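Have a look at the structure below before the remarks.
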Amino acid sequence: MSRVAYVNGSYVPFANAAVHIEDRGYQFADGVYEVMAVRNGRLVDLEPHLDRLDRSLAELSMAPAKSRGSLSVVFDEVVRRNRVTDGIVYVQMTRGVAKRDHAFPDASTNSLVVTARGTPPRSTSIIEEGVDVITVPDIRWKRCDIKTVSLLPNILAKQKAREAGAYEAWMVDESDRITEGSSTNAWIVEESGDLVTRQLDHAILSGITRMVVSDLAMRQQRRLVERPFTLEEAIGAAEAFLTSTTSFVTPVVRINRSPVGEGVPGPVTRALYDLYESHLSGQVHD
């Protein structure tokens with residue numbers, strides 16, 4: 001089946017989907033995006049994703065390309081036309097097409113692109129064996145809380161992880177504190193069983209999976225501590241894991257080749273993985 005994309009008001013064959021060469025997203029990375037999971041044909045955590053999209057747009061002084069209701073209709077239609085049961089929806093909004101100039105154009109119409117694709121089931125080895133991460137200096141700009149399409153430092157970090165045979169790269173600031181991964185939020189589990197992840201500030205993205213896992217953990221009476229933690233703390237932790245829309249809850253068993261805890265996925269991470277899987281399947285309710 002040929003894939004279908006939504007581009008500025010039209011559903012078009014994926015192979016023919018295109019934007020103008022003077023789109024500001026292409027020339028300046030002047031735009032924002034969201035990635036949402038689809039499970040059993042259903043968009044997961046739609047409202048929180050739309051909340052974050054609205055916030056990112058507001059931080060860049062951009063108006064939404066469509067209302068939330070209209071966007072939801074487009075998302076559902078793109079999922080339907082691509083026959084996605086389990087997968088992702090990608091949405092990108094830019095400031096649109098204008099003569100190349102750094103300042104905002106006096107008038108432009110936002111560009112909107114939406115795509116969807118199915119994803120294969122995750123290998124069970126990931127939760128059974130865990131993954132490796134490496135660390136890299138955090139060289140990103142100072143507004144990482146905005147989900148912009150400007151991701152060059154993240155790309156370089158992810159490539160270093162791939163070249164090192166690791167799953168992810170965790171970024172470390174000038175104070176030797178881990179901020180987040182190139183496309184994930186970072187967590188550790190202390191010997192007490194407390195969960196630790198960096199507080200929401202301009203240094204990290206407010207991950208939707210981070211938010212959900214935080215809520216699930218507190219429902220299970222687990223103590224959540226939001227604070228910076230160092231690389232040394234991470235390596236010495238009882239457990240570590242990462243979260244994102246596409247990585248779900250993934251146990252981290254080695255950091256820079258040093259084992260975390262027993263070097264295998266721990267019980268807290270496994271429990272959170274199971275809870276999040278139930279959430280994805282719609283079995284966890286408010």
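Identifiers in the structure tokens: chain A, B, ... in order shown; residue index from 1 per chain; ligand index from 1 in order shown.
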
Could you list, with a cut-off of 12 Å and counting only C-alpha atoms, the residues of stretch 47-152 of chain A near stretch 263-282 of chain A, each shown with its nearest atom pair and the distance in Å rounded to one decimal, rows sorted by chain and ascending number, as CSV?
```
residue,atom,partner,partner_atom,distance
A:Thr85,CA,A:Ser281,CA,11.8
A:Asp86,CA,A:Leu280,CA,10.2
A:Gly87,CA,A:Leu280,CA,11.5
A:Arg122,CA,A:Glu277,CA,11.7
A:Thr124,CA,A:Tyr273,CA,11.7
A:Ser125,CA,A:Pro265,CA,10.6
A:Ile126,CA,A:Pro265,CA,9.2
A:Ile127,CA,A:Pro265,CA,7.0
A:Glu128,CA,A:Pro265,CA,6.7
A:Glu129,CA,A:Val264,CA,6.1
A:Gly130,CA,A:Pro265,CA,5.7
A:Val131,CA,A:Pro265,CA,8.9
A:Asp132,CA,A:Gly263,CA,10.0
```

Practice item. Give the strand (DSSP E) residues of stretch 46-274 of chain A, as assigned by DSSP on the backbone, as number ranges by chain. Key: A: 87-94, 111-118, 131-137, 168-172, 177-181, 185-189, 195-197, 224-226, 229-230, 239-244, 248-255, 258-259

**Study point:** Pick from A:Ala203, A:Ala217, A:Ala186, A:Leu71, whichever lies nearest to A:Ala234 using only C-alpha atoms
**Key:**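 Of all the options, A:Ala186 lies closest to A:Ala234.
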
Check your understanding: Hey, what's within 10 Å of A:Gly207 if we count only C-alpha atoms and toss same-chain stuff fewer than 3 positions away? As a list of chain:residue names, please?
Key -> A:Pro48, A:His49, A:Arg52, A:Asp145, A:Lys147, A:Ser183, A:Thr184, A:Asn185, A:Leu200, A:Ile204, A:Arg210, A:Met211, A:Val212, A:Val213, A:Thr243, A:Ser244, A:Thr245

Could you list, as an mmCIF file with N, CA and C atoms, in the first residue's frame, every residue within 8 Å of A:Thr197, counting only C-alpha atoms and ignoring same-chain residues fewer than 2 positions away?
```cif
data_model
loop_
_atom_site.group_PDB
_atom_site.id
_atom_site.type_symbol
_atom_site.label_atom_id
_atom_site.label_comp_id
_atom_site.auth_asym_id
_atom_site.auth_seq_id
_atom_site.Cartn_x
_atom_site.Cartn_y
_atom_site.Cartn_z
ATOM 1 N N ASN A 185 14.288 11.167 27.731
ATOM 2 C CA ASN A 185 14.553 11.665 29.077
ATOM 3 C C ASN A 185 15.299 10.598 29.870
ATOM 4 N N ALA A 186 16.163 11.045 30.785
ATOM 5 C CA ALA A 186 17.038 10.150 31.552
ATOM 6 C C ALA A 186 16.546 10.013 32.991
ATOM 7 N N TRP A 187 16.636 8.784 33.519
ATOM 8 C CA TRP A 187 16.178 8.470 34.873
ATOM 9 C C TRP A 187 17.192 7.565 35.572
ATOM 10 N N ILE A 188 17.241 7.669 36.903
ATOM 11 C CA ILE A 188 17.941 6.674 37.707
ATOM 12 C C ILE A 188 17.038 6.246 38.845
ATOM 13 N N LEU A 195 12.767 7.284 42.500
ATOM 14 C CA LEU A 195 13.056 7.620 41.109
ATOM 15 C C LEU A 195 13.593 9.039 41.044
ATOM 16 N N GLN A 199 14.505 17.990 36.926
ATOM 17 C CA GLN A 199 13.313 18.826 36.964
ATOM 18 C C GLN A 199 13.110 19.513 35.613
ATOM 19 N N LEU A 224 9.071 10.157 43.783
ATOM 20 C CA LEU A 224 9.700 10.787 42.621
ATOM 21 C C LEU A 224 10.443 12.036 43.069
ATOM 22 N N VAL A 225 11.723 12.099 42.735
ATOM 23 C CA VAL A 225 12.558 13.257 43.072
ATOM 24 C C VAL A 225 13.004 13.899 41.763
ATOM 25 N N GLU A 226 12.631 15.155 41.573
ATOM 26 C CA GLU A 226 13.025 15.877 40.358
ATOM 27 C C GLU A 226 14.198 16.799 40.695
ATOM 28 N N ARG A 227 15.368 16.407 40.246
ATOM 29 C CA ARG A 227 16.584 17.168 40.515
ATOM 30 C C ARG A 227 17.662 16.735 39.523
ATOM 31 N N PRO A 228 18.703 17.546 39.355
ATOM 32 C CA PRO A 228 19.825 17.113 38.526
ATOM 33 C C PRO A 228 20.559 15.956 39.206
ATOM 34 N N PHE A 229 21.116 15.065 38.410
ATOM 35 C CA PHE A 229 21.999 14.035 38.953
ATOM 36 C C PHE A 229 23.247 13.938 38.083
#
```

**Study point:** Residues near A:Gly9, cut-off 9 Å, only C-alpha atoms, skip fewer than 3 positions along chain, as a list in words
**Key:**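 Using only C-alpha atoms, the neighbours found are Tyr6, Leu112 and Val113 of chain A.
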
Got time to write the residues from that selection, N, CA and C atoms, as an mmCIF file, in the first residue's frame?
```cif
data_model
loop_
_atom_site.group_PDB
_atom_site.id
_atom_site.type_symbol
_atom_site.label_atom_id
_atom_site.label_comp_id
_atom_site.auth_asym_id
_atom_site.auth_seq_id
_atom_site.Cartn_x
_atom_site.Cartn_y
_atom_site.Cartn_z
ATOM 1 N N TYR A 6 -0.238 14.328 4.692
ATOM 2 C CA TYR A 6 -1.036 15.549 4.652
ATOM 3 C C TYR A 6 -0.074 16.726 4.552
ATOM 4 N N LEU A 112 2.003 23.081 7.361
ATOM 5 C CA LEU A 112 1.629 21.952 8.204
ATOM 6 C C LEU A 112 1.816 20.655 7.429
ATOM 7 N N VAL A 113 2.597 19.753 7.997
ATOM 8 C CA VAL A 113 2.831 18.448 7.406
ATOM 9 C C VAL A 113 2.525 17.384 8.455
#
```

Practice item. Go ahead and compute the interatomic distance for atom CA of A:Lys160 and atom CA of A:Ile134, in Å to one decimal. Key: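 It comes out at 8.3 Å.
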
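Nearest-residue note for A:Asp23: choosing from A:Arg254, A:Arg140, A:Arg100, A:Arg177, the minimum distance belongs to A:Arg100, counting only C-alpha atoms.
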
Practice item. Could you find all residues in stretch 160-266 of chain A that DSSP calls alpha helix (DSSP H) from the backbone, and write them as a list in words? Key: Lys160, Ala161, Arg162, Glu163, Ile208, Thr209, Arg210, Met211, Val212, Val213, Ser214, Asp215, Leu216, Ala217, Met218, Arg219, Leu231, Glu232, Glu233, Ala234 and Ile235 of chain A

**Study point:** Separation of atom CA of A:Arg222 from atom CA of A:Ile178 in Å
**Key:** 21.9 Å

Check your understanding: Between atom CA of A:Pro105 and atom CA of A:Asp54, what is the spacing in Å?
Key -> 20.4 Å

Review point. Smallest atom-to-atom distance to A:Asn256: which of A:Met36, A:Ser72, A:Pro153, A:Ala164, using only C-alpha atoms?
Key: A:Ala164
